[in-house]
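Notes follow once the structure below has been shown.
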Amino acid sequence: MTLLFPMNQPPSPGLYIVATPIGNLGDLTVRAADLLRAADLVLAEDKRVSLRLLAHIGAKVPMRTYNDHSDTADREAIVGRLASEVVALVSDAGTPLISDPGYKLVRDARIAGHNIVTLPGPCAAVAAMTVAGLPTDRFLFLGFLPPKEKARSDTIAEVAAIRATLVFYESGPRLATSLASLAARLGEREAAVARELTKMHEECVTGTLAELAGRYAEAPPRGEIVIVVGPPAEATAASEGDLDAALQAALAAGASPSRAAAAVAQELGVRRKRAYERALELGR
Ligand code: SAM
């Protein structure tokens, strides 16, 4: 059964963004395998890594390196081929462009007006969220935290008040330090450490940030890791009385209901919608 190209036609020329497995070769989609076999050129982050994948599916396709060291001239050369050739971009694992190279190439191909097609598939950040048991209605993907303490702490402080689940990529040796920084800046939040997803030693350990920091300080883990941190709890201290008092003060000072709600929501850590609806009621 071939579901891949419309009417069994070969793919049209253009740039194809192809997600590949993050540990389990069985996760390569049928469509990705067919596209890679049909491609004129595969752009690989590391040709040795992608060669194993291509050999697994019996694809014999010319390869070219495309990674963070690729420059404008490399991109121009690739974009020059997109009008007449099927060019597939893969990264070592997972979805290209997600903490991986590719965005500038897609931008340039788009500016030049070429056909750009995505073949979605595995992505460690999304896979981790599916097993963490934390809210998924709003999330913020932050990639790798900076290695230097000050920059790491500043990055965490920047997102501390955001009402969303936070998702980070991490390595085993740095896990405990990052968890400790997150615990220090974000406090008692629920979190999950998803490790080696889709591989033999896959696991997902949950707990508060402080518990997880303690656990991994004692035994730094091996392998590839995603940290998922639940959103801040709605400030319990912000009772109806606190909210009313703060809103009334802001309204009395001449703020519109919208401005008063924005300021008070930020100050008390309550949802802006809740503050706005109450501000309207108080303003009547
Ligand atoms: N583009 C990839 C994706 O879509 O997930 C991510 C590339 S990024 C350079 C590599 C990081 O992704 C690893 O350091 C780790 O944090 C995370 N990662 C990749 N594979 C993973 C796996 N099987 N289990 C947990 N985390 C993984």
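Identifiers for the structure tokens are assigned positionally: chains receive A, B, ... in sequence, residues are indexed from 1 per chain, and ligands are indexed from 1 in the order shown.
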
Self-check item: Non-local contacts of Thr65 in chain A (6 Å; only C-alpha atoms; under 4 positions in same chain excluded) as a list in words
Solution: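 Here the answer would be Leu43, Ala44 and Glu45 of chain A.
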
Using all heavy atoms, can you export the residues from the last selection as a PDB file, in the first residue's frame?
ATOM      1  N   LEU A  43      20.100  16.134   2.827  1.00  0.00           N
ATOM      2  CA  LEU A  43      20.944  17.042   3.622  1.00  0.00           C
ATOM      3  C   LEU A  43      20.962  16.496   5.038  1.00  0.00           C
ATOM      4  O   LEU A  43      19.914  16.382   5.674  1.00  0.00           O
ATOM      5  CB  LEU A  43      20.345  18.446   3.639  1.00  0.00           C
ATOM      6  CG  LEU A  43      20.138  19.112   2.284  1.00  0.00           C
ATOM      7  CD1 LEU A  43      19.390  20.431   2.468  1.00  0.00           C
ATOM      8  CD2 LEU A  43      21.481  19.337   1.597  1.00  0.00           C
ATOM      9  N   ALA A  44      22.157  16.161   5.522  1.00  0.00           N
ATOM     10  CA  ALA A  44      22.257  15.512   6.834  1.00  0.00           C
ATOM     11  C   ALA A  44      23.113  16.352   7.760  1.00  0.00           C
ATOM     12  O   ALA A  44      24.115  16.932   7.345  1.00  0.00           O
ATOM     13  CB  ALA A  44      22.869  14.132   6.686  1.00  0.00           C
ATOM     14  N   GLU A  45      22.733  16.368   9.027  1.00  0.00           N
ATOM     15  CA  GLU A  45      23.524  17.071  10.036  1.00  0.00           C
ATOM     16  C   GLU A  45      24.886  16.378  10.152  1.00  0.00           C
ATOM     17  O   GLU A  45      25.923  17.011  10.164  1.00  0.00           O
ATOM     18  CB  GLU A  45      22.739  16.961  11.352  1.00  0.00           C
ATOM     19  CG  GLU A  45      23.047  18.004  12.345  1.00  0.00           C
ATOM     20  CD  GLU A  45      22.283  17.759  13.642  1.00  0.00           C
ATOM     21  OE1 GLU A  45      21.331  16.935  13.666  1.00  0.00           O
ATOM     22  OE2 GLU A  45      22.654  18.376  14.639  1.00  0.00           O
TER      23      GLU A  45
END

Would you list, as an MDAnalysis selection string, the residues of range 138-198 of chain A that end up in strand (DSSP E or B) under DSSP run on this structure's backbone? chainID A and resid 139:144 165:171 190:195

Enumerate as number ranges by chain the residues within 9 Å of ligand 1, counting only C-alpha atoms and all ligand atoms.
A: 19-24, 91-101, 121-128, 143-144, 168-172, 193-199, 202-203, 223-227

_Close residues, Asp74 in chain A itself excluded, 12 Å, only C-alpha atoms, min 3 positions apart in chain, as a PyMOL selection string_ = chain A and resi 43+64-71+77-81+104-105+108

Go ahead and compute the interatomic distance for CA of Leu179 in chain A and CA of Arg138 in chain A, in Å to one decimal.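 One can read the CA of Leu179 in chain A to CA of Arg138 in chain A distance as 21.1 Å.
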
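Each of A:Ala265, A:Val90, A:Leu175, A:Ser181 was compared to Arg163 in chain A using only C-alpha atoms, and A:Ala265 turns out to be the nearest.
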
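Taking CA of Arg37 in chain A and CA of His56 in chain A as endpoints, the distance between them is 11.0 Å.
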
Where does range 85-178 of chain A meet range 228-250 of chain A within 10 Å, residue by residue, with the nearest atom pair and distance in Å to one decimal for each, counting only C-alpha atoms, listed by chain and rising number, as a tab-separated table?
residue	atom	partner	partner_atom	distance
A:Ala125	CA	A:Val228	CA	8.5
A:Ala128	CA	A:Val228	CA	7.3
A:Met129	CA	A:Val228	CA	6.9
A:Val131	CA	A:Val228	CA	9.9
A:Ala132	CA	A:Val228	CA	7.0
A:Gly133	CA	A:Gly230	CA	9.1
A:Leu134	CA	A:Gly230	CA	5.7
A:Pro135	CA	A:Gly230	CA	6.7
A:Thr136	CA	A:Gly230	CA	9.0
A:Arg138	CA	A:Pro231	CA	8.8
A:Phe139	CA	A:Pro231	CA	8.6
A:Leu140	CA	A:Val228	CA	9.8
A:Phe141	CA	A:Val228	CA	9.3
A:Ala160	CA	A:Pro232	CA	8.0
A:Ala161	CA	A:Pro232	CA	7.3
A:Ile162	CA	A:Pro231	CA	7.4
A:Arg163	CA	A:Pro231	CA	5.4
A:Ala164	CA	A:Pro231	CA	4.8
A:Thr165	CA	A:Gly230	CA	4.6
A:Leu166	CA	A:Val229	CA	5.0
A:Val167	CA	A:Val228	CA	4.7
A:Phe168	CA	A:Val228	CA	6.5
A:Tyr169	CA	A:Val228	CA	8.9

Save out the residues we just selected, N, CA, C and O atoms, as an mmCIF file, in the first residue's frame.
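That gives us part33.cif:
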data_model
loop_
_atom_site.group_PDB
_atom_site.id
_atom_site.type_symbol
_atom_site.label_atom_id
_atom_site.label_comp_id
_atom_site.auth_asym_id
_atom_site.auth_seq_id
_atom_site.Cartn_x
_atom_site.Cartn_y
_atom_site.Cartn_z
ATOM 1 N N ALA A 125 10.555 16.640 22.478
ATOM 2 C CA ALA A 125 9.793 17.540 23.353
ATOM 3 C C ALA A 125 8.333 17.112 23.422
ATOM 4 O O ALA A 125 7.735 17.026 24.508
ATOM 5 N N ALA A 128 7.925 13.708 25.201
ATOM 6 C CA ALA A 128 8.050 13.828 26.665
ATOM 7 C C ALA A 128 6.753 14.346 27.273
ATOM 8 O O ALA A 128 6.304 13.868 28.320
ATOM 9 N N MET A 129 6.140 15.302 26.603
ATOM 10 C CA MET A 129 4.893 15.842 27.159
ATOM 11 C C MET A 129 3.784 14.793 27.197
ATOM 12 O O MET A 129 2.917 14.846 28.049
ATOM 13 N N VAL A 131 4.014 11.764 28.053
ATOM 14 C CA VAL A 131 4.138 10.813 29.172
ATOM 15 C C VAL A 131 4.300 11.493 30.527
ATOM 16 O O VAL A 131 4.281 10.829 31.563
ATOM 17 N N ALA A 132 4.483 12.811 30.544
ATOM 18 C CA ALA A 132 4.812 13.500 31.802
ATOM 19 C C ALA A 132 3.619 13.611 32.755
ATOM 20 O O ALA A 132 3.798 13.712 33.972
ATOM 21 N N GLY A 133 2.414 13.616 32.232
ATOM 22 C CA GLY A 133 1.246 13.770 33.106
ATOM 23 C C GLY A 133 1.103 15.190 33.626
ATOM 24 O O GLY A 133 0.561 15.410 34.711
ATOM 25 N N LEU A 134 1.586 16.154 32.872
ATOM 26 C CA LEU A 134 1.467 17.573 33.244
ATOM 27 C C LEU A 134 0.610 18.275 32.189
ATOM 28 O O LEU A 134 0.469 17.761 31.071
ATOM 29 N N PRO A 135 0.035 19.445 32.539
ATOM 30 C CA PRO A 135 -0.876 20.089 31.579
ATOM 31 C C PRO A 135 -0.206 20.342 30.222
ATOM 32 O O PRO A 135 0.952 20.744 30.166
ATOM 33 N N THR A 136 -0.962 20.102 29.170
ATOM 34 C CA THR A 136 -0.410 20.271 27.821
ATOM 35 C C THR A 136 -1.173 21.321 27.016
ATOM 36 O O THR A 136 -0.899 21.512 25.826
ATOM 37 N N ARG A 138 -1.145 24.541 27.348
ATOM 38 C CA ARG A 138 -0.238 25.649 26.995
ATOM 39 C C ARG A 138 1.158 25.193 27.362
ATOM 40 O O ARG A 138 1.396 24.788 28.500
ATOM 41 N N PHE A 139 2.088 25.260 26.407
ATOM 42 C CA PHE A 139 3.467 24.917 26.762
ATOM 43 C C PHE A 139 4.441 25.843 26.052
ATOM 44 O O PHE A 139 4.135 26.426 25.014
ATOM 45 N N LEU A 140 5.601 25.975 26.676
ATOM 46 C CA LEU A 140 6.663 26.817 26.119
ATOM 47 C C LEU A 140 7.912 25.961 26.000
ATOM 48 O O LEU A 140 8.421 25.449 27.002
ATOM 49 N N PHE A 141 8.392 25.788 24.772
ATOM 50 C CA PHE A 141 9.597 24.998 24.532
ATOM 51 C C PHE A 141 10.801 25.937 24.583
ATOM 52 O O PHE A 141 10.848 26.930 23.866
ATOM 53 N N ALA A 160 9.528 32.635 34.581
ATOM 54 C CA ALA A 160 8.969 32.104 35.839
ATOM 55 C C ALA A 160 7.479 32.376 35.989
ATOM 56 O O ALA A 160 6.748 31.563 36.546
ATOM 57 N N ALA A 161 7.014 33.534 35.518
ATOM 58 C CA ALA A 161 5.616 33.905 35.749
ATOM 59 C C ALA A 161 4.688 33.397 34.648
ATOM 60 O O ALA A 161 3.479 33.574 34.720
ATOM 61 N N ILE A 162 5.246 32.764 33.631
ATOM 62 C CA ILE A 162 4.411 32.348 32.497
ATOM 63 C C ILE A 162 3.547 31.145 32.880
ATOM 64 O O ILE A 162 4.050 30.150 33.413
ATOM 65 N N ARG A 163 2.238 31.282 32.585
ATOM 66 C CA ARG A 163 1.293 30.215 32.965
ATOM 67 C C ARG A 163 1.262 29.158 31.880
ATOM 68 O O ARG A 163 0.330 29.076 31.093
ATOM 69 N N ALA A 164 2.334 28.396 31.835
ATOM 70 C CA ALA A 164 2.426 27.342 30.823
ATOM 71 C C ALA A 164 3.384 26.276 31.335
ATOM 72 O O ALA A 164 4.247 26.548 32.166
ATOM 73 N N THR A 165 3.222 25.087 30.808
ATOM 74 C CA THR A 165 4.204 24.027 31.061
ATOM 75 C C THR A 165 5.485 24.382 30.298
ATOM 76 O O THR A 165 5.412 24.864 29.168
ATOM 77 N N LEU A 166 6.620 24.184 30.949
ATOM 78 C CA LEU A 166 7.908 24.524 30.332
ATOM 79 C C LEU A 166 8.627 23.233 29.915
ATOM 80 O O LEU A 166 8.604 22.251 30.663
ATOM 81 N N VAL A 167 9.256 23.270 28.760
ATOM 82 C CA VAL A 167 9.920 22.064 28.248
ATOM 83 C C VAL A 167 11.365 22.408 27.883
ATOM 84 O O VAL A 167 11.602 23.368 27.146
ATOM 85 N N PHE A 168 12.300 21.625 28.429
ATOM 86 C CA PHE A 168 13.733 21.865 28.191
ATOM 87 C C PHE A 168 14.392 20.578 27.692
ATOM 88 O O PHE A 168 14.027 19.482 28.123
ATOM 89 N N TYR A 169 15.394 20.736 26.829
ATOM 90 C CA TYR A 169 16.276 19.622 26.488
ATOM 91 C C TYR A 169 17.469 19.660 27.440
ATOM 92 O O TYR A 169 17.909 20.749 27.854
#

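Candidate residues A:Val205, A:Leu28, A:Leu282, A:Leu212 were compared for distance to Leu119 in chain A, and the nearest is A:Leu28, using only C-alpha atoms.
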
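The closest residue to Val264 in chain A, picked from A:Ala213, A:Val159, A:Ala151, A:Ala279 and counting only C-alpha atoms, is A:Ala279.
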
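Distances from A:Arg31, A:Arg222, A:Arg284, A:Arg75 to Ile57 in chain A were compared using only C-alpha atoms, and the smallest one belongs to A:Arg31.
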
From the list A:Leu25, A:Leu186, A:Val87, A:Leu15, the nearest residue to Asp40 in chain A using only C-alpha atoms is A:Val87

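Using only C-alpha atoms, the smallest distance between any of A:Met200, A:Ala210, A:Ala217, A:Ala252 and Arg185 in chain A comes from A:Ala210.
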
**Study point:** Residue set, range 11-135 of chain A restricted to alpha helix (DSSP H), as number ranges by chain
**Key:** A: 30-38, 47-56, 72-79, 103-111, 124-132

| query | Any idea what the distance is between CA of Ser84 in chain A and CA of Pro13 in chain A? | reply |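 CA of Pro13 in chain A lies 5.3 Å from CA of Ser84 in chain A.
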
Just want the 8 Å neighbourhood of Leu182 in chain A, counted on only C-alpha atoms, with same-chain residues fewer than 6 positions away dropped. Output as a ChimeraX atom specification.
/A:153,156,209

Using only C-alpha atoms, please write the residues we just selected to a file, as a PDB file, in the first residue's frame.
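Once written, part23.pdb looks like this:
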ATOM      1  CA  SER A 153      19.294  31.788  36.125  1.00  0.00           C
ATOM      2  CA  ILE A 156      14.582  30.839  34.098  1.00  0.00           C
ATOM      3  CA  LEU A 209      11.756  20.058  41.081  1.00  0.00           C
TER       4      LEU A 209
END
